[in-house]
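A.B. asks: Data: work-v1.txt, compact mmCIF, C-alpha atoms.
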# COMPACT_ATOMS: atom_id res chain seq x y z
CA MET A 198 -21.87 8.31 20.76
CA SER A 199 -25.31 8.93 19.41
CA SER A 200 -28.42 7.30 20.85
CA ALA A 201 -30.79 9.16 18.55
CA GLN A 202 -31.27 5.97 16.54
CA ARG A 203 -31.54 2.67 18.36
CA ILE A 204 -32.90 -0.36 16.57
CA GLU A 205 -33.06 -4.14 16.84
CA VAL A 206 -31.30 -6.15 14.13
CA ARG A 207 -30.92 -9.85 13.60
CA ARG A 208 -27.74 -11.86 13.22
CA GLU A 209 -28.59 -12.56 9.58
CA GLN A 210 -28.77 -8.83 8.81
CA VAL A 211 -25.36 -8.23 10.38
CA LEU A 212 -23.67 -11.02 8.43
CA ALA A 213 -25.27 -9.91 5.15
CA HIS A 214 -24.09 -6.36 5.83
CA ARG A 215 -20.52 -7.52 6.47
CA VAL A 216 -20.39 -9.67 3.33
CA ALA A 217 -21.41 -6.62 1.29
CA ALA A 218 -18.85 -4.43 3.07
CA HIS A 219 -16.02 -6.89 2.39
CA GLY A 220 -16.15 -6.69 -1.38
CA PHE A 221 -17.06 -10.32 -2.04
CA ASP A 222 -19.04 -9.15 -5.07
CA ARG A 223 -15.63 -8.72 -6.75
CA ALA A 224 -16.66 -5.34 -8.09
CA SER A 225 -13.47 -3.51 -7.09
CA ALA A 226 -9.75 -4.25 -7.36
CA ALA A 227 -9.32 -2.24 -4.14
CA PRO A 228 -12.27 -2.98 -1.82
CA GLY A 229 -12.72 -0.71 1.20
CA VAL A 230 -11.77 -3.48 3.63
CA LEU A 231 -8.15 -2.87 2.60
CA ASP A 232 -8.37 0.07 5.02
CA LEU A 233 -7.77 -2.59 7.68
CA GLY A 234 -5.11 -4.36 5.65
CA VAL A 235 -5.05 -8.09 4.97
CA GLN A 236 -3.36 -10.31 7.53
CA ASP A 237 -0.77 -12.70 6.09
CA THR A 238 -0.72 -15.46 8.70
CA PRO A 239 0.25 -18.07 7.66
CA TYR A 240 2.51 -16.60 5.01
CA GLY A 241 0.74 -16.55 1.63
CA SER A 242 -2.79 -16.45 3.04
CA ALA A 243 -3.19 -12.76 2.21
CA ARG A 244 -3.02 -13.44 -1.51
CA LEU A 245 -5.87 -15.95 -1.08
CA ALA A 246 -7.95 -13.31 0.72
CA LEU A 247 -7.32 -10.92 -2.15
CA ALA A 248 -8.27 -13.62 -4.68
CA ALA A 249 -11.55 -14.23 -2.86
CA ARG A 250 -12.41 -10.61 -3.68
CA SER A 251 -10.64 -10.46 -7.07
CA ALA A 252 -8.59 -7.68 -5.49
CA SER A 253 -5.22 -6.55 -6.79
CA ALA A 254 -1.98 -6.78 -4.85
CA GLU A 255 -0.54 -3.90 -6.85
CA GLY A 256 0.74 -1.13 -4.62
CA LEU A 257 0.56 -3.23 -1.44
CA GLU A 258 3.40 -3.70 1.05
CA LEU A 259 3.82 -6.31 3.78
CA VAL A 260 4.48 -4.78 7.21
CA TRP A 261 3.88 -5.68 10.84
CA SER A 262 0.84 -3.63 11.81
CA PHE A 263 -2.18 -4.53 13.98
CA ARG A 264 -1.01 -6.43 17.08
CA GLY A 265 2.37 -6.87 15.39
CA ALA A 266 0.91 -9.34 12.87
CA PRO A 267 2.04 -9.18 9.22
CA HIS A 268 -0.51 -7.38 7.02
CA LEU A 269 -0.60 -6.18 3.44
CA HIS A 270 -1.35 -2.45 3.28
CA SER A 271 -1.33 0.17 0.57
CA ARG A 272 2.17 1.66 0.33
CA ALA A 273 0.68 5.12 0.09
CA SER A 274 -1.17 4.59 3.40
CA LEU A 275 1.85 3.55 5.47
CA PRO A 276 2.87 6.99 6.88
CA GLY A 277 -0.72 7.62 8.00
CA LEU A 278 -1.08 4.08 9.30
CA ALA A 279 2.05 4.51 11.42
CA THR A 280 0.72 7.64 13.13
CA ALA A 281 -2.72 6.02 13.59
CA LEU A 282 -1.21 2.90 15.19
CA TRP A 283 1.23 4.88 17.37
CA PRO A 284 0.12 4.51 21.02
CA VAL A 285 -2.24 7.28 22.12
CA GLY A 286 -0.55 7.39 25.53
CA ASP A 287 1.40 5.40 28.08
CA THR A 288 -1.65 3.38 29.17
CA ASP A 289 -2.22 2.27 25.60
CA ALA A 290 1.46 1.51 25.01
CA THR A 291 1.80 -0.53 28.19
CA ALA A 292 -1.37 -2.50 27.43
CA ARG A 293 0.01 -3.50 24.03
CA ILE A 294 3.29 -4.94 25.34
CA ASP A 295 2.46 -5.94 28.92
CA THR A 296 3.74 -9.52 29.09
CA ALA A 297 5.31 -11.48 31.92
CA VAL A 298 8.76 -11.34 30.34
CA ILE A 299 9.05 -7.52 30.32
CA LYS A 300 6.70 -6.40 33.09
CA GLU A 301 9.07 -3.64 34.19
CA GLY A 302 9.95 -2.54 30.67
CA ALA A 303 6.29 -2.31 29.67
CA ARG A 304 5.91 0.50 32.19
CA LEU A 305 8.07 2.68 29.95
CA GLY A 306 4.93 3.10 27.86
CA VAL A 307 5.34 5.18 24.70
CA GLU A 308 9.08 5.53 25.34
CA ALA A 309 9.48 1.77 24.80
CA PHE A 310 8.05 2.14 21.31
CA ARG A 311 10.14 5.20 20.50
CA LEU A 312 13.41 3.61 21.56
CA THR A 313 12.68 0.40 19.68
CA ALA A 314 11.59 2.25 16.53
CA GLU A 315 14.83 4.26 16.57
CA ALA A 316 16.82 1.05 17.02
CA PHE A 317 15.11 -0.38 13.94
CA ARG A 318 16.08 2.66 11.88
CA ASP A 319 19.70 2.50 13.01
CA THR A 320 19.86 -1.24 12.31
CA VAL A 321 17.84 -1.95 9.18
CA THR A 322 19.57 0.01 6.45
CA THR A 323 19.72 -2.93 4.01
CA PRO A 324 17.78 -6.24 3.80
CA MET A 325 18.61 -8.37 6.85
CA ALA A 326 17.43 -11.65 8.34
CA LYS A 327 14.91 -11.18 11.14
CA GLY A 328 17.23 -12.89 13.64
CA GLU A 329 20.08 -10.50 12.85
CA VAL A 330 17.80 -7.52 13.34
CA SER A 331 16.48 -8.91 16.62
CA THR A 332 20.02 -9.34 17.94
CA ALA A 333 21.02 -5.78 17.05
CA VAL A 334 17.82 -4.16 18.29
CA SER A 335 17.98 -6.15 21.54
CA ALA A 336 21.44 -4.76 22.19
CA ALA A 337 20.32 -1.19 21.48
CA VAL A 338 17.24 -0.94 23.74
CA PRO A 339 17.14 -0.74 27.55
CA PRO A 340 17.70 -4.13 29.26
CA SER A 341 14.21 -3.95 30.80
CA LEU A 342 12.75 -4.47 27.31
CA THR A 343 14.67 -7.73 26.88
CA TYR A 344 14.60 -11.12 28.58
CA TRP A 345 16.64 -14.31 28.66
CA CYS A 346 15.29 -16.81 26.15
CA GLU A 347 16.19 -20.38 27.10
CA ARG A 348 15.32 -21.72 23.64
CA CYS A 349 17.61 -19.25 21.89
CA GLY A 350 20.20 -19.12 24.64
CA ALA A 351 20.28 -15.33 24.32
CA GLN A 352 18.99 -12.11 25.80
CA HIS A 353 16.56 -10.56 23.35
CA ILE A 354 13.72 -8.11 23.00
CA SER A 355 10.12 -9.08 23.63
CA GLY A 356 8.69 -10.34 20.34
CA LEU A 357 5.45 -8.46 20.97
CA LEU A 358 7.26 -5.12 21.20
CA PHE A 359 9.70 -6.00 18.42
CA GLN A 360 7.00 -6.68 15.84
CA GLN A 361 4.72 -3.82 16.87
CA ALA A 362 7.57 -1.33 16.58
CA GLY A 363 8.70 -2.48 13.14
CA LEU A 364 6.29 -0.24 11.23
CA PHE A 365 7.35 2.78 13.31
CA GLY A 366 10.91 1.97 12.30
CA ALA A 367 9.82 2.20 8.62
CA THR A 368 10.63 -1.47 8.14
CA GLY A 369 9.03 -3.80 5.60
CA VAL A 370 8.71 -7.58 5.86
CA GLY A 371 9.54 -10.21 3.27
CA VAL A 372 10.22 -13.93 2.99
CA GLU A 373 13.23 -15.36 1.18
CA GLY A 374 14.04 -19.06 1.14
CA GLY A 375 11.66 -19.73 4.01
CA ARG A 376 13.15 -17.10 6.32
CA THR A 377 11.78 -13.69 7.28
CA VAL A 378 13.78 -10.78 5.89
CA LEU A 379 13.38 -7.17 7.02
CA ALA A 380 14.26 -4.18 4.85
CA PRO A 381 13.85 -0.40 5.01
CA LEU A 382 10.71 0.81 3.26
CA GLU A 383 11.40 2.47 -0.07
CA HIS A 384 9.57 5.60 1.03
CA GLY A 385 10.38 6.20 4.67
CA PHE A 386 8.82 8.51 7.23
CA PRO A 387 9.87 9.78 10.67
CA VAL A 388 9.07 8.07 13.94
CA PRO A 389 5.64 9.47 14.90
CA ALA A 390 5.77 12.26 17.46
CA GLU A 391 2.24 11.44 18.62
CA ALA A 392 -0.79 9.44 17.58
CA SER A 393 -3.05 10.87 14.90
CA GLY A 394 -5.94 9.30 13.04
CA THR A 395 -6.49 6.42 15.47
CA ALA A 396 -10.22 7.11 15.56
CA GLY A 397 -10.19 6.46 11.82
CA LEU A 398 -9.05 2.89 12.50
CA VAL A 399 -11.94 2.51 14.94
CA ARG A 400 -14.36 3.68 12.24
CA ALA A 401 -12.80 1.31 9.70
CA TYR A 402 -13.39 -1.61 12.05
CA LEU A 403 -16.99 -0.55 12.66
CA ARG A 404 -17.65 -0.13 8.92
CA HIS A 405 -16.40 -3.57 7.97
CA LEU A 406 -16.75 -5.68 11.12
CA GLY A 407 -19.51 -3.83 12.93
CA PRO A 408 -21.82 -3.34 14.61
CA ALA A 409 -19.35 -3.79 17.44
CA THR A 410 -18.49 -2.76 20.99
CA PRO A 411 -15.45 -0.88 22.35
CA ALA A 412 -14.23 -4.14 23.91
CA GLU A 413 -14.27 -5.90 20.53
CA VAL A 414 -12.40 -3.08 18.81
CA ALA A 415 -9.89 -3.06 21.69
CA LYS A 416 -9.18 -6.76 21.15
CA TYR A 417 -8.54 -6.11 17.49
CA LEU A 418 -6.14 -3.25 18.28
CA GLY A 419 -4.51 -5.17 21.12
CA THR A 420 -5.27 -2.57 23.79
CA LYS A 421 -7.71 -1.92 26.65
CA PRO A 422 -11.40 -1.02 26.20
CA ALA A 423 -10.85 2.19 28.16
CA VAL A 424 -8.39 3.36 25.50
CA VAL A 425 -10.89 2.72 22.70
CA LYS A 426 -13.69 4.43 24.63
CA GLY A 427 -11.56 7.57 24.63
CA LEU A 428 -11.43 7.37 20.82
CA TRP A 429 -15.07 6.36 20.31
CA PRO A 430 -16.65 8.43 17.50
CA ASP A 431 -19.73 10.57 18.11
CA ASP A 432 -21.48 9.82 14.82
CA LEU A 433 -22.54 6.28 15.68
CA ALA A 434 -25.90 4.54 15.73
CA GLU A 435 -26.73 2.21 18.58
CA VAL A 436 -28.21 -1.15 17.65
CA ARG A 437 -29.13 -4.29 19.53
CA ILE A 438 -28.22 -7.70 18.17
CA GLU A 439 -30.06 -10.49 19.93
CA GLY A 440 -30.15 -8.43 23.13
CA ARG A 441 -26.56 -7.16 22.91
CA THR A 442 -25.82 -3.45 22.38
CA SER A 443 -23.36 -2.53 19.63
CA TRP A 444 -22.56 0.44 17.40
CA LEU A 445 -21.81 1.30 13.79
CA PRO A 446 -21.51 4.56 11.85
CA GLU A 447 -24.91 6.24 11.42
CA ARG A 448 -24.32 6.55 7.68
CA ASP A 449 -24.24 2.73 7.47
CA LEU A 450 -27.48 2.18 9.36
CA ASP A 451 -29.75 2.10 6.31
CA ALA A 452 -27.41 -0.38 4.61
CA LEU A 453 -27.54 -2.62 7.69
CA VAL A 454 -31.33 -2.52 7.89
CA SER A 455 -31.75 -3.32 4.20
CA ALA A 456 -28.83 -5.74 4.03
CA GLU A 457 -30.83 -8.93 3.60
CA SER A 458 -32.97 -7.67 0.74
CA GLU A 459 -29.93 -6.20 -1.02
CA PHE A 460 -28.04 -9.40 -0.36
CA ALA A 461 -30.70 -11.51 -2.04
CA SER A 462 -30.28 -9.64 -5.32
CA THR A 463 -26.52 -9.04 -5.31
CA PHE A 464 -25.04 -12.05 -3.52
CA ARG A 465 -27.42 -14.87 -4.43
CA GLY A 466 -25.40 -18.07 -4.76
CA LEU A 467 -22.24 -16.51 -3.28
CA VAL A 468 -19.55 -19.11 -2.50
CA ARG A 469 -16.01 -18.24 -1.39
CA LEU A 470 -13.08 -20.17 0.08
CA LEU A 471 -11.55 -17.84 2.65
CA PRO A 472 -8.07 -18.43 4.09
CA PRO A 473 -7.16 -18.45 7.79
CA GLY A 474 -6.84 -14.87 8.97
CA ASP A 475 -9.14 -13.48 6.26
CA PRO A 476 -10.46 -10.00 7.17
CA PHE A 477 -13.99 -11.45 7.44
CA LEU A 478 -12.75 -13.74 10.23
CA GLN A 479 -11.09 -10.90 12.16
CA ALA A 480 -14.33 -9.80 13.85
CA ARG A 481 -14.04 -10.29 17.60
CA ASP A 482 -17.69 -11.34 18.05
CA ARG A 483 -16.85 -14.85 16.93
CA SER A 484 -19.93 -16.39 18.52
CA LEU A 485 -22.02 -14.28 16.14
CA LEU A 486 -20.11 -15.57 13.12
CA VAL A 487 -20.11 -19.19 14.30
CA PRO A 488 -22.58 -19.91 17.12
CA ASP A 489 -21.46 -23.55 17.49
CA LYS A 490 -18.62 -23.55 20.05
CA ASP A 491 -16.90 -26.69 18.77
CA ARG A 492 -16.85 -25.41 15.21
CA ALA A 493 -15.55 -22.05 16.39
CA LYS A 494 -12.68 -23.76 18.26
CA GLU A 495 -11.71 -25.59 15.08
CA ILE A 496 -11.76 -22.43 12.94
CA TRP A 497 -9.92 -20.11 15.33
CA ARG A 498 -7.16 -22.46 16.43
CA ALA A 499 -4.08 -20.71 17.81
CA ILE A 500 -1.85 -22.57 15.34
CA GLY A 501 -2.71 -24.25 12.07
CA GLY A 502 -6.32 -23.15 11.69
CA PRO A 503 -8.19 -24.09 8.50
CA GLY A 504 -9.71 -21.88 5.86
CA VAL A 505 -13.50 -21.57 5.79
CA LEU A 506 -16.22 -22.17 3.25
CA LEU A 507 -18.52 -19.14 2.98
CA THR A 508 -21.90 -19.82 1.36
CA GLY A 509 -24.13 -16.77 1.26
CA SER A 510 -23.36 -15.03 4.52
CA GLU A 511 -22.80 -18.18 6.58
CA ILE A 512 -19.64 -20.13 7.33
CA ALA A 513 -20.68 -23.57 6.09
CA GLY A 514 -17.49 -25.59 6.49
CA THR A 515 -13.71 -25.62 6.56
CA TRP A 516 -11.01 -26.42 4.04
CA ARG A 517 -7.36 -27.34 3.93
CA ALA A 518 -4.91 -27.62 1.06
CA LYS A 519 -1.67 -29.48 0.52
CA ALA A 520 0.76 -29.00 -2.33
CA ALA A 521 1.73 -32.12 -4.28
CA GLY A 522 4.36 -30.85 -6.70
CA ARG A 523 2.57 -28.33 -8.94
CA ARG A 524 -0.82 -29.79 -8.01
CA LEU A 525 -2.91 -28.63 -5.08
CA ASP A 526 -4.94 -31.17 -3.12
CA LEU A 527 -7.84 -29.28 -1.52
CA THR A 528 -10.21 -30.90 0.95
CA VAL A 529 -13.49 -29.23 1.94
CA THR A 530 -15.24 -30.40 5.11
CA PRO A 531 -18.80 -29.02 5.08
CA PHE A 532 -20.81 -28.64 8.26
CA GLY A 533 -23.85 -30.10 6.51
CA PRO A 534 -25.13 -31.25 3.09
CA LEU A 535 -24.25 -28.98 0.17
CA SER A 536 -26.46 -28.50 -2.86
CA ALA A 537 -25.23 -29.41 -6.32
CA ALA A 538 -25.05 -25.71 -7.19
CA VAL A 539 -22.84 -24.96 -4.16
CA ARG A 540 -20.55 -27.91 -4.96
CA LYS A 541 -20.13 -26.66 -8.50
CA ALA A 542 -19.33 -23.17 -7.18
CA VAL A 543 -16.77 -24.65 -4.77
CA GLU A 544 -15.03 -26.26 -7.75
CA ALA A 545 -14.66 -22.84 -9.37
CA GLU A 546 -13.35 -21.34 -6.14
CA ALA A 547 -10.87 -24.18 -5.76
CA ASP A 548 -9.44 -23.16 -9.13
CA THR A 549 -9.15 -19.59 -7.81
CA VAL A 550 -7.23 -20.80 -4.74
CA ALA A 551 -4.93 -22.95 -6.87
CA ALA A 552 -4.16 -20.06 -9.21
CA ALA A 553 -3.42 -17.75 -6.30
CA ARG A 554 -0.99 -20.33 -4.91
CA GLY A 555 0.70 -20.83 -8.27
CA ALA A 556 -0.48 -24.42 -8.75
CA ARG A 557 -1.01 -25.78 -12.24
CA ASP A 558 -4.10 -27.78 -11.29
CA VAL A 559 -6.18 -28.71 -8.28
CA ARG A 560 -7.71 -31.93 -7.02
CA LEU A 561 -10.80 -31.24 -4.93
CA ARG A 562 -12.54 -33.59 -2.59
CA PHE A 563 -15.34 -33.24 -0.07
CA ALA A 564 -14.76 -34.95 3.28
Can I see the file as structure tokens?
C.D. replies:
Amino acid sequence: MSSAQRIEVRREQVLAHRVAAHGFDRASAAPGVLDLGVQDTPYGSARLALAARSASAEGLELVWSFRGAPHLHSRASLPGLATALWPVGDTDATARIDTAVIKEGARLGVEAFRLTAEAFRDTVTTPMAKGEVSTAVSAAVPPSLTYWCERCGAQHISGLLFQQAGLFGATGVGVEGGRTVLAPLEHGFPVPAEASGTAGLVRAYLRHLGPATPAEVAKYLGTKPAVVKGLWPDDLAEVRIEGRTSWLPERDLDALVSAESEFASTFRGLVRLLPPGDPFLQARDRSLLVPDKDRAKEIWRAIGGPGVLLTGSEIAGTWRAKAAGRRLDLTVTPFGPLSAAVRKAVEAEADTVAAARGARDVRLRFA
């Protein structure tokens, strides 16, 4: 990594830079942040993230990708994404699936992924319910990759391995009647022989969620910092944010330094309602995004987290929505007083959320 350029930047510069990088100006139907995909947890949230950027869902496919979570990705990118996400070695593979239920099986490393990916390909030849696929794949892999589940009353594969291997098995994800359905991708590709392009994923994270550290990127990828350090690009600039050292691509340094002034002219009055799991919220330096610990706990809840209100480059509140027939009841809970202009902008964004969810109208209230 380069230390030729080392500068001090403020939190406000970093957030302004990220807002610009995320395509919130709605200038492109395919903003660059799609390089990281759009997480769809809970189901349907990805379309709200796209709506916040006026991005198109055309050509996107839902697959299990980063950390085994469902993401929308460009169909054309899936073969390259599979090789980039393939473990770079046994240490990486074990780190991704090392849970108490398959401690021994996790030591198989890359072989665990290969065997599971092949089981997917043998099993998923037509659309199938997720449970059916899990049963068949569990029977096909070595016993050390399975465990006895008391809740299900069955021996089945670790969910962490199962979902991370789905993409390598060229399997797409869908929802029908409230249940998850898996199907072979229309344009398949072979199980990767080895990892290729993983450093490109590191760069994509740094471009859109940087400046960042190897440890933060490792959390995003679900692996160990040592693995990411082995992939760390050379063409990075070192910066310090409030005393903490981080990195981003050197070519983005000027944009970071000038972010606030550019932000003032391009993003003045920006207001967006972002869903849980939005790419903007995927940064692992959460204390930088939301310094208040209690507010951060509310936003990044393990289950049932709210959406957030973005005003300018700051998270200024949370929101939740509930369907009432074809109407959407949307409640915004701001962290502080909102100006009349911001409230009016929130009304417009509430209409955007309602349209993305297929509601005929929306009833907005401020808590």
A.B. asks: Could you tell me how far CA of Gly555 in chain A lies from CA of Gly241 in chain A, in Å and to one decimal?
C.D. replies: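 Between these atoms lies a distance of 10.8 Å.
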A.B. asks: Between A:Leu233, A:Glu255, A:Leu485, A:Arg203, which is the closest to Leu433 in chain A once you count only C-alpha atoms?
C.D. replies: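 The shortest atom-to-atom distance to Leu433 in chain A comes from A:Arg203.
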A.B. asks: Quick one: residues within 12 Å of Val529 in chain A, all atoms listed in the file, excluding same-chain residues fewer than 6 positions away - as a PyMOL selection string?
C.D. replies: chain A and resi 469-471+503-507+513-519+535+539-540+543-544+546-547+560-564
A.B. asks: List as a PyMOL selection string the residues having at least one atom at most 9 Å from position (-24.9, -8.2, 8.8) as given in the file, counting only C-alpha atoms.
C.D. replies: chain A and resi 206-217+406-408+453-454+456-457+510
A.B. asks: I need the residue nearest Leu275 in chain A from this list: A:Ala415, A:Ala367, A:Ala297, A:Ala351. Use all atoms listed in the file for the distance.
C.D. replies: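 With all atoms listed in the file as the atom set, the closest residue is A:Ala367.
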A.B. asks: Using all atoms listed in the file, find the one residue out of A:Ala303, A:Ala336, A:Cys349, A:Ala227 that sits nearest to Asp319 in chain A.
C.D. replies: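 Of A:Ala303, A:Ala336, A:Cys349, A:Ala227, the one nearest Asp319 in chain A, counting all atoms listed in the file, is A:Ala336.
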A.B. asks: Quick one: residues within 10 Å of Gly419 in chain A, all atoms listed in the file, excluding same-chain residues fewer than 6 positions away - as a PDB file with C-alpha atoms, keeping the file's coordinate frame?
C.D. replies:
ATOM      1  CA  PHE A 263      -2.180  -4.530  13.980  1.00  0.00           C
ATOM      2  CA  ARG A 264      -1.010  -6.430  17.080  1.00  0.00           C
ATOM      3  CA  GLY A 265       2.370  -6.870  15.390  1.00  0.00           C
ATOM      4  CA  ASP A 289      -2.220   2.270  25.600  1.00  0.00           C
ATOM      5  CA  ALA A 290       1.460   1.510  25.010  1.00  0.00           C
ATOM      6  CA  ALA A 292      -1.370  -2.500  27.430  1.00  0.00           C
ATOM      7  CA  ARG A 293       0.010  -3.500  24.030  1.00  0.00           C
ATOM      8  CA  ILE A 294       3.290  -4.940  25.340  1.00  0.00           C
ATOM      9  CA  GLU A 413     -14.270  -5.900  20.530  1.00  0.00           C
TER      10      GLU A 413
END
A.B. asks: Rounded to one decimal place, report the CA of Ala326 in chain A-CA of Thr377 in chain A distance in Å.
C.D. replies: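 Between CA of Ala326 in chain A and CA of Thr377 in chain A the gap works out to 6.1 Å.
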A.B. asks: From the set A:Ser484, A:Ala551, A:Pro473, A:Ile512, which residue has the shortest atom-to-atom contact distance to Arg498 in chain A, counting all atoms listed in the file?
C.D. replies: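 Closest to Arg498 in chain A, using all atoms listed in the file: A:Pro473.
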